[in-house]
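> For reference, this is query.pdb, and it has PDB, C-alpha atoms and all ligand atoms.
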```pdb
ATOM      1  CA  MET A  26       0.000   0.000   0.000  1.00  0.00           C
ATOM      2  CA  THR A  27       1.140   3.523  -0.845  1.00  0.00           C
ATOM      3  CA  SER A  28      -0.094   6.685   0.853  1.00  0.00           C
ATOM      4  CA  ALA A  29      -2.791   8.531  -1.097  1.00  0.00           C
ATOM      5  CA  SER A  30      -1.155  11.212  -3.230  1.00  0.00           C
ATOM      6  CA  PRO A  31      -3.768  13.176  -5.222  1.00  0.00           C
ATOM      7  CA  ASP A  32      -2.693  11.529  -8.506  1.00  0.00           C
ATOM      8  CA  LEU A  33      -2.775   8.017  -7.094  1.00  0.00           C
ATOM      9  CA  PHE A  34      -6.100   8.657  -5.403  1.00  0.00           C
ATOM     10  CA  ARG A  35      -7.593  10.025  -8.641  1.00  0.00           C
ATOM     11  CA  SER A  36      -6.202   7.100 -10.597  1.00  0.00           C
ATOM     12  CA  ALA A  37      -7.590   4.539  -8.140  1.00  0.00           C
ATOM     13  CA  MET A  38     -11.032   6.161  -7.998  1.00  0.00           C
ATOM     14  CA  SER A  39     -11.186   6.328 -11.813  1.00  0.00           C
ATOM     15  CA  ARG A  40     -11.302   2.532 -11.741  1.00  0.00           C
ATOM     16  CA  TYR A  41     -14.631   2.680  -9.967  1.00  0.00           C
ATOM     17  CA  ALA A  42     -17.165   2.642 -12.812  1.00  0.00           C
ATOM     18  CA  SER A  43     -20.147   4.873 -12.184  1.00  0.00           C
ATOM     19  CA  GLY A  44     -23.275   6.140 -13.812  1.00  0.00           C
ATOM     20  CA  VAL A  45     -23.527   9.792 -14.739  1.00  0.00           C
ATOM     21  CA  THR A  46     -26.200  12.275 -13.679  1.00  0.00           C
ATOM     22  CA  VAL A  47     -27.055  15.899 -14.205  1.00  0.00           C
ATOM     23  CA  VAL A  48     -27.998  17.649 -10.980  1.00  0.00           C
ATOM     24  CA  SER A  49     -29.946  20.865 -11.324  1.00  0.00           C
ATOM     25  CA  THR A  50     -31.585  23.637  -9.390  1.00  0.00           C
ATOM     26  CA  VAL A  51     -33.070  27.074 -10.006  1.00  0.00           C
ATOM     27  CA  HIS A  52     -31.447  30.024  -8.286  1.00  0.00           C
ATOM     28  CA  ASP A  53     -32.346  33.669  -8.985  1.00  0.00           C
ATOM     29  CA  ASP A  54     -34.459  32.563 -11.959  1.00  0.00           C
ATOM     30  CA  LEU A  55     -31.422  30.905 -13.508  1.00  0.00           C
ATOM     31  CA  ASP A  56     -31.083  27.196 -14.274  1.00  0.00           C
ATOM     32  CA  HIS A  57     -28.000  25.732 -12.655  1.00  0.00           C
ATOM     33  CA  ALA A  58     -27.018  22.270 -13.850  1.00  0.00           C
ATOM     34  CA  MET A  59     -23.875  20.219 -13.435  1.00  0.00           C
ATOM     35  CA  THR A  60     -22.621  16.785 -14.393  1.00  0.00           C
ATOM     36  CA  ALA A  61     -22.189  14.618 -11.300  1.00  0.00           C
ATOM     37  CA  SER A  62     -21.175  11.003 -10.886  1.00  0.00           C
ATOM     38  CA  ALA A  63     -20.862  11.096  -7.091  1.00  0.00           C
ATOM     39  CA  PHE A  64     -24.528  10.247  -6.719  1.00  0.00           C
ATOM     40  CA  THR A  65     -26.016   7.317  -4.850  1.00  0.00           C
ATOM     41  CA  SER A  66     -29.085   6.171  -3.011  1.00  0.00           C
ATOM     42  CA  VAL A  67     -28.833   6.291   0.767  1.00  0.00           C
ATOM     43  CA  SER A  68     -32.055   5.156   2.424  1.00  0.00           C
ATOM     44  CA  LEU A  69     -35.311   3.520   1.402  1.00  0.00           C
ATOM     45  CA  ASP A  70     -37.386   4.738   4.361  1.00  0.00           C
ATOM     46  CA  PRO A  71     -37.362   7.669   4.149  1.00  0.00           C
ATOM     47  CA  PRO A  72     -36.187   7.727   0.544  1.00  0.00           C
ATOM     48  CA  LEU A  73     -32.855   9.547   0.536  1.00  0.00           C
ATOM     49  CA  VAL A  74     -30.144  10.041  -2.067  1.00  0.00           C
ATOM     50  CA  LEU A  75     -26.874  11.928  -1.943  1.00  0.00           C
ATOM     51  CA  VAL A  76     -24.664  13.882  -4.265  1.00  0.00           C
ATOM     52  CA  CYS A  77     -21.186  15.172  -3.435  1.00  0.00           C
ATOM     53  CA  VAL A  78     -20.711  18.728  -4.690  1.00  0.00           C
ATOM     54  CA  ASP A  79     -17.345  20.439  -5.114  1.00  0.00           C
ATOM     55  CA  LYS A  80     -17.223  23.490  -2.858  1.00  0.00           C
ATOM     56  CA  THR A  81     -15.668  25.520  -5.682  1.00  0.00           C
ATOM     57  CA  ALA A  82     -18.407  24.673  -8.219  1.00  0.00           C
ATOM     58  CA  ARG A  83     -20.933  27.387  -8.955  1.00  0.00           C
ATOM     59  CA  PHE A  84     -23.588  24.739  -8.417  1.00  0.00           C
ATOM     60  CA  HIS A  85     -22.483  24.535  -4.796  1.00  0.00           C
ATOM     61  CA  GLN A  86     -23.475  28.121  -4.082  1.00  0.00           C
ATOM     62  CA  ALA A  87     -26.809  27.562  -5.779  1.00  0.00           C
ATOM     63  CA  ILE A  88     -27.841  24.305  -4.095  1.00  0.00           C
ATOM     64  CA  ALA A  89     -26.777  25.592  -0.681  1.00  0.00           C
ATOM     65  CA  VAL A  90     -29.368  28.346  -1.009  1.00  0.00           C
ATOM     66  CA  THR A  91     -32.206  26.699  -2.914  1.00  0.00           C
ATOM     67  CA  ARG A  92     -32.237  23.325  -1.109  1.00  0.00           C
ATOM     68  CA  ARG A  93     -34.492  22.050  -3.913  1.00  0.00           C
ATOM     69  CA  TRP A  94     -32.911  20.081  -6.737  1.00  0.00           C
ATOM     70  CA  GLY A  95     -33.378  17.547  -9.458  1.00  0.00           C
ATOM     71  CA  VAL A  96     -31.386  14.614 -10.791  1.00  0.00           C
ATOM     72  CA  SER A  97     -31.465  13.208 -14.323  1.00  0.00           C
ATOM     73  CA  VAL A  98     -29.777   9.825 -14.735  1.00  0.00           C
ATOM     74  CA  LEU A  99     -28.170  10.006 -18.164  1.00  0.00           C
ATOM     75  CA  ALA A 100     -28.565   7.455 -20.938  1.00  0.00           C
ATOM     76  CA  GLU A 101     -25.788   6.041 -23.086  1.00  0.00           C
ATOM     77  CA  ASP A 102     -26.286   8.565 -25.897  1.00  0.00           C
ATOM     78  CA  GLN A 103     -25.974  11.611 -23.611  1.00  0.00           C
ATOM     79  CA  ALA A 104     -22.183  11.864 -23.290  1.00  0.00           C
ATOM     80  CA  ASP A 105     -22.247  15.266 -25.027  1.00  0.00           C
ATOM     81  CA  VAL A 106     -24.633  16.575 -22.374  1.00  0.00           C
ATOM     82  CA  ALA A 107     -22.323  15.275 -19.645  1.00  0.00           C
ATOM     83  CA  ARG A 108     -19.245  16.803 -21.289  1.00  0.00           C
ATOM     84  CA  TRP A 109     -20.884  20.186 -21.695  1.00  0.00           C
ATOM     85  CA  LEU A 110     -22.278  20.387 -18.179  1.00  0.00           C
ATOM     86  CA  ALA A 111     -18.862  19.456 -16.786  1.00  0.00           C
ATOM     87  CA  THR A 112     -17.123  22.287 -18.631  1.00  0.00           C
ATOM     88  CA  ARG A 113     -15.709  24.651 -16.048  1.00  0.00           C
ATOM     89  CA  GLY A 114     -16.679  28.293 -16.386  1.00  0.00           C
ATOM     90  CA  ARG A 115     -19.276  27.750 -19.127  1.00  0.00           C
ATOM     91  CA  LYS A 116     -21.753  30.599 -19.344  1.00  0.00           C
ATOM     92  CA  LEU A 117     -24.642  29.745 -17.048  1.00  0.00           C
ATOM     93  CA  GLU A 118     -27.197  31.770 -18.982  1.00  0.00           C
ATOM     94  CA  GLY A 119     -28.334  29.690 -21.905  1.00  0.00           C
ATOM     95  CA  GLN A 120     -26.283  26.662 -20.895  1.00  0.00           C
ATOM     96  CA  LEU A 121     -29.334  24.437 -21.446  1.00  0.00           C
ATOM     97  CA  ASP A 122     -30.488  26.076 -24.689  1.00  0.00           C
ATOM     98  CA  HIS A 123     -29.318  23.137 -26.793  1.00  0.00           C
ATOM     99  CA  ILE A 124     -30.315  20.433 -24.318  1.00  0.00           C
ATOM    100  CA  PRO A 125     -33.957  19.349 -24.388  1.00  0.00           C
ATOM    101  CA  HIS A 126     -35.252  19.711 -20.842  1.00  0.00           C
ATOM    102  CA  ARG A 127     -38.324  20.588 -18.824  1.00  0.00           C
ATOM    103  CA  PRO A 128     -38.886  22.051 -15.353  1.00  0.00           C
ATOM    104  CA  GLY A 129     -39.579  19.451 -12.683  1.00  0.00           C
ATOM    105  CA  ALA A 130     -43.121  19.659 -11.333  1.00  0.00           C
ATOM    106  CA  LEU A 131     -42.021  19.763  -7.686  1.00  0.00           C
ATOM    107  CA  THR A 132     -38.860  21.861  -7.700  1.00  0.00           C
ATOM    108  CA  GLY A 133     -38.762  23.614 -11.064  1.00  0.00           C
ATOM    109  CA  SER A 134     -35.272  22.170 -11.556  1.00  0.00           C
ATOM    110  CA  ALA A 135     -34.359  21.415 -15.167  1.00  0.00           C
ATOM    111  CA  LEU A 136     -34.807  17.739 -15.964  1.00  0.00           C
ATOM    112  CA  VAL A 137     -32.955  16.494 -19.037  1.00  0.00           C
ATOM    113  CA  GLU A 138     -35.176  14.822 -21.622  1.00  0.00           C
ATOM    114  CA  GLY A 139     -34.081  11.374 -22.745  1.00  0.00           C
ATOM    115  CA  ALA A 140     -32.700  10.421 -19.337  1.00  0.00           C
ATOM    116  CA  LEU A 141     -33.297   6.997 -17.749  1.00  0.00           C
ATOM    117  CA  CYS A 142     -35.137   8.468 -14.775  1.00  0.00           C
ATOM    118  CA  TRP A 143     -35.627  11.687 -12.878  1.00  0.00           C
ATOM    119  CA  VAL A 144     -35.671  12.387  -9.162  1.00  0.00           C
ATOM    120  CA  GLU A 145     -36.652  15.604  -7.398  1.00  0.00           C
ATOM    121  CA  CYS A 146     -35.384  16.303  -3.903  1.00  0.00           C
ATOM    122  CA  ARG A 147     -35.292  18.734  -1.067  1.00  0.00           C
ATOM    123  CA  THR A 148     -32.134  18.918   0.969  1.00  0.00           C
ATOM    124  CA  TRP A 149     -32.381  16.752   4.078  1.00  0.00           C
ATOM    125  CA  GLU A 150     -28.923  17.494   5.423  1.00  0.00           C
ATOM    126  CA  MET A 151     -25.543  18.761   4.264  1.00  0.00           C
ATOM    127  CA  TYR A 152     -22.302  17.312   5.610  1.00  0.00           C
ATOM    128  CA  ASP A 153     -18.756  18.497   5.266  1.00  0.00           C
ATOM    129  CA  GLY A 154     -16.812  16.190   2.988  1.00  0.00           C
ATOM    130  CA  GLY A 155     -13.396  17.808   2.656  1.00  0.00           C
ATOM    131  CA  ASP A 156     -13.314  19.842  -0.544  1.00  0.00           C
ATOM    132  CA  HIS A 157     -16.852  18.643  -1.319  1.00  0.00           C
ATOM    133  CA  THR A 158     -20.157  18.920   0.508  1.00  0.00           C
ATOM    134  CA  ILE A 159     -22.222  15.762   0.853  1.00  0.00           C
ATOM    135  CA  VAL A 160     -25.753  16.871   0.055  1.00  0.00           C
ATOM    136  CA  VAL A 161     -28.355  14.363   1.200  1.00  0.00           C
ATOM    137  CA  GLY A 162     -31.731  14.815  -0.412  1.00  0.00           C
ATOM    138  CA  GLN A 163     -35.163  13.610   0.575  1.00  0.00           C
ATOM    139  CA  VAL A 164     -36.818  12.290  -2.547  1.00  0.00           C
ATOM    140  CA  LEU A 165     -40.018  14.234  -3.207  1.00  0.00           C
ATOM    141  CA  GLY A 166     -40.855  12.623  -6.522  1.00  0.00           C
ATOM    142  CA  ILE A 167     -39.655  10.132  -9.092  1.00  0.00           C
ATOM    143  CA  GLU A 168     -40.429   9.853 -12.767  1.00  0.00           C
ATOM    144  CA  LEU A 169     -39.655   7.066 -15.192  1.00  0.00           C
ATOM    145  CA  PRO A 170     -39.865   7.603 -18.954  1.00  0.00           C
ATOM    146  CA  GLU A 171     -42.944   6.308 -20.722  1.00  0.00           C
ATOM    147  CA  LYS A 172     -40.755   4.509 -23.190  1.00  0.00           C
ATOM    148  CA  GLU A 173     -38.264   2.483 -21.181  1.00  0.00           C
ATOM    149  CA  ARG A 174     -34.619   3.113 -22.035  1.00  0.00           C
ATOM    150  CA  SER A 175     -32.163   0.527 -20.823  1.00  0.00           C
ATOM    151  CA  ARG A 176     -28.589   1.626 -21.423  1.00  0.00           C
ATOM    152  CA  PRO A 177     -26.973   4.032 -18.952  1.00  0.00           C
ATOM    153  CA  LEU A 178     -24.118   6.391 -19.646  1.00  0.00           C
ATOM    154  CA  MET A 179     -21.117   5.213 -17.668  1.00  0.00           C
ATOM    155  CA  TYR A 180     -17.837   6.818 -16.673  1.00  0.00           C
ATOM    156  CA  PHE A 181     -14.719   4.728 -16.189  1.00  0.00           C
ATOM    157  CA  ARG A 182     -11.048   5.738 -16.248  1.00  0.00           C
ATOM    158  CA  ALA A 183     -11.927   9.262 -17.455  1.00  0.00           C
ATOM    159  CA  ALA A 184     -13.884   7.970 -20.453  1.00  0.00           C
ATOM    160  CA  TYR A 185     -17.575   7.710 -21.240  1.00  0.00           C
ATOM    161  CA  GLY A 186     -19.110   4.470 -22.406  1.00  0.00           C
ATOM    162  CA  GLY A 187     -22.240   2.371 -22.341  1.00  0.00           C
ATOM    163  CA  ALA A 188     -23.123  -0.666 -20.302  1.00  0.00           C
ATOM    164  CA  PRO A 189     -24.571  -4.043 -21.196  1.00  0.00           C
ATOM    165  CA  ASP A 190     -28.197  -3.967 -22.269  1.00  0.00           C
ATOM    166  CA  VAL A 191     -30.243  -5.059 -19.278  1.00  0.00           C
ATOM    167  CA  THR A 192     -33.721  -4.751 -20.750  1.00  0.00           C
ATOM    168  CA  ASN A 193     -34.726  -8.049 -19.206  1.00  0.00           C
ATOM    169  CA  GLY A 194     -33.118  -7.421 -15.831  1.00  0.00           C
ATOM    170  CA  PRO A 195     -35.145  -7.077 -12.637  1.00  0.00           C
ATOM    171  CA  ASP A 196     -36.002  -3.573 -11.448  1.00  0.00           C
TER
HETATM  172  C1  LIG B   1     -17.956  12.413 -15.409  1.00  0.00           C
HETATM  173  C2  LIG B   1     -17.889  13.586 -14.468  1.00  0.00           C
HETATM  174  C3  LIG B   1     -18.429  13.481 -13.205  1.00  0.00           C
HETATM  175  C4  LIG B   1     -18.401  14.551 -12.322  1.00  0.00           C
HETATM  176  N1  LIG B   1     -18.944  14.397 -11.084  1.00  0.00           N
HETATM  177  C5  LIG B   1     -18.931  15.421 -10.221  1.00  0.00           C
HETATM  178  C6  LIG B   1     -19.524  15.274  -8.940  1.00  0.00           C
HETATM  179  O1  LIG B   1     -20.073  14.237  -8.578  1.00  0.00           O
HETATM  180  N2  LIG B   1     -19.521  16.356  -8.115  1.00  0.00           N
HETATM  181  C7  LIG B   1     -18.941  17.544  -8.476  1.00  0.00           C
HETATM  182  O2  LIG B   1     -18.974  18.482  -7.681  1.00  0.00           O
HETATM  183  N3  LIG B   1     -18.371  17.707  -9.685  1.00  0.00           N
HETATM  184  C8  LIG B   1     -18.370  16.678 -10.567  1.00  0.00           C
HETATM  185  N4  LIG B   1     -17.810  16.838 -11.799  1.00  0.00           N
HETATM  186  C9  LIG B   1     -17.245  18.145 -12.171  1.00  0.00           C
HETATM  187  C10 LIG B   1     -18.324  19.179 -12.470  1.00  0.00           C
HETATM  188  O3  LIG B   1     -19.228  18.746 -13.465  1.00  0.00           O
HETATM  189  C11 LIG B   1     -17.668  20.492 -12.923  1.00  0.00           C
HETATM  190  O4  LIG B   1     -16.689  20.832 -12.017  1.00  0.00           O
HETATM  191  C12 LIG B   1     -18.680  21.624 -12.947  1.00  0.00           C
HETATM  192  O5  LIG B   1     -19.604  21.462 -13.990  1.00  0.00           O
HETATM  193  C13 LIG B   1     -17.945  22.935 -13.127  1.00  0.00           C
HETATM  194  O6  LIG B   1     -18.912  23.943 -13.267  1.00  0.00           O
HETATM  195  P1  LIG B   1     -18.682  25.454 -12.751  1.00  0.00           P
HETATM  196  O7  LIG B   1     -17.658  26.060 -13.667  1.00  0.00           O
HETATM  197  O8  LIG B   1     -20.024  26.068 -12.911  1.00  0.00           O
HETATM  198  O9  LIG B   1     -18.241  25.386 -11.330  1.00  0.00           O
HETATM  199  C14 LIG B   1     -17.804  15.767 -12.706  1.00  0.00           C
HETATM  200  C15 LIG B   1     -17.247  15.886 -13.983  1.00  0.00           C
HETATM  201  C16 LIG B   1     -17.278  14.805 -14.855  1.00  0.00           C
HETATM  202  C17 LIG B   1     -16.669  14.945 -16.217  1.00  0.00           C
END
```
As a first step, turn the structure in this file into structure tokens.
Ligand SMILES: Cc1cc2nc3c(=O)[nH]c(=O)nc-3n(C[C@H](O)[C@H](O)[C@H](O)COP(=O)(O)O)c2cc1C


Amino acid sequence: MTSASPDLFRSAMSRYASGVTVVSTVHDDLDHAMTASAFTSVSLDPPLVLVCVDKTARFHQAIAVTRRWGVSVLAEDQADVARWLATRGRKLEGQLDHIPHRPGALTGSALVEGALCWVECRTWEMYDGGDHTIVVGQVLGIELPEKERSRPLMYFRAAYGGAPDVTNGPD
């Protein structure tokens, strides 16, 4: 074992394959949205999820105030969306102009069309997580697409890819 230098830590964590989400909120009438892979479910009763948000991200300032947010779980063909919403310093105004989306019914947060599912949350608790904040959300609502899509967008070793088709898998 070697002590965790930032490069080694990054390299090790890049071997953990994850799904990719867009987290979103509305602050001062402006849609904030950011690519996030540090998303997971936490609790079934009550239904809780979490996302880890970089303290230096503009999204951090927004979610800390609004405490209402949405999550879109991206599908395999949405790598361009993920790339764009991970671009540091992109102009916030109009950042979703070329991404089909709609406001969530419960939070108004932008939900990306074509995603595998959508979740709307209110912040349950925020915990310090070093240079990130662990934002735990109580799930207010869930939506699944009418037409089931099966392949998630995945992120592994700094590259986007798909996953095996699991159309016949259990829910
Ligand atoms: C695949 C991928 C996953 C990411 N996951 C997270 C994450 O979970 N949390 C986070 O704070 N930033 C994450 N980022 C980085 C943010 O998307 C990026 O820093 C943010 O969009 C910068 O926006 P800003 O300039 O508005 O701060 C991820 C980036 C990529 C490419």

> Identify which of the residues A:Ala42, A:Leu69, A:Ala87, A:Leu110 lies closest to ligand LIG 1 (chain B), counting all atoms listed in the file when measuring atom-to-atom distances.

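Ranked by minimum distance to ligand LIG 1 (chain B), first place goes to A:Leu110.
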
> Any chance you could resolve the PyMOL selection byres (((not hetatm)) within 9 of (chain B and resi 1)) against this file and give the residues as an NGL selection string?

:A and (43-48 or 57-64 or 76-85 or 104 or 107-117 or 157-158 or 179-181 or 183-185)

> Report, in Å to a single decimal, how far apart CA of Asp102 in chain A and CA of Leu178 in chain A are.

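Computing the Euclidean distance for CA of Leu178 in chain A and CA of Asp102 in chain A yields 7.0 Å.
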
> Please compute the CA of Tyr152 in chain A-CA of Leu165 in chain A distance, one decimal, in Å.

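Here the two named atoms are 20.0 Å from each other.
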
> Translate the PyMOL selection byres (((chain A and resi 39) around 7) and not hetatm), as applied to the file shown, into an explicit residue set as a CSV table (one decimal) with C-alpha atoms, keeping the file's coordinate frame.


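The result, stored in result_18.csv:
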```
chain,number,residue,atom,x,y,z
A,35,ARG,CA,-7.6,10.0,-8.6
A,36,SER,CA,-6.2,7.1,-10.6
A,37,ALA,CA,-7.6,4.5,-8.1
A,38,MET,CA,-11.0,6.2,-8.0
A,40,ARG,CA,-11.3,2.5,-11.7
A,41,TYR,CA,-14.6,2.7,-10.0
A,181,PHE,CA,-14.7,4.7,-16.2
A,182,ARG,CA,-11.0,5.7,-16.2
A,183,ALA,CA,-11.9,9.3,-17.5
```

> Grab the CA of Ala100 in chain A to CA of Ala135 in chain A distance for me, in Å with one decimal place.

16.2 Å

> Got a sec: who's within 8 Å of His52 in chain A, counting all atoms listed in the file, leaving out chain neighbours fewer than 6 positions off, as a list in words?

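Non-adjacent residues within range: Ala87, Ile88, Val90 and Thr91 of chain A.
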
> Once the PyMOL selection byres (((chain A and resi 93) around 12) and not hetatm) has been applied to the shown file, what residues remain in the selection, as a PyMOL selection string?

chain A and resi 48-52+57+87-92+94-96+129-135+144-150+160-166

> Could you tell me, as a list in words, which residues have any atom at most 8 Å from (-31.3, 12.8, -19.3), counting all atoms listed in the file?

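Here the neighbourhood of the point contains Thr46, Val47, Ser97, Val98, Leu99, Ala100, Gln103, Leu136, Val137, Glu138, Gly139, Ala140, Leu141, Cys142 and Trp143 of chain A.
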
> Give me the residues near Ala188 in chain A as a PDB file with C-alpha atoms, in the frame of the given file, where near means some atom within 7 Å (using only C-alpha atoms) and where sequence neighbours in that chain fewer than 2 positions away do not count.


```
ATOM      1  CA  ARG A 176     -28.589   1.626 -21.423  1.00  0.00           C
ATOM      2  CA  PRO A 177     -26.973   4.032 -18.952  1.00  0.00           C
ATOM      3  CA  MET A 179     -21.117   5.213 -17.668  1.00  0.00           C
ATOM      4  CA  GLY A 186     -19.110   4.470 -22.406  1.00  0.00           C
ATOM      5  CA  ASP A 190     -28.197  -3.967 -22.269  1.00  0.00           C
TER       6      ASP A 190
END
```

> Would you please work out which residue, of A:Gly155, A:Gly187, A:Glu101, A:Ile124, is nearest to Arg174 in chain A when using all atoms listed in the file?

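Ranked by minimum distance to Arg174 in chain A, first place goes to A:Glu101.
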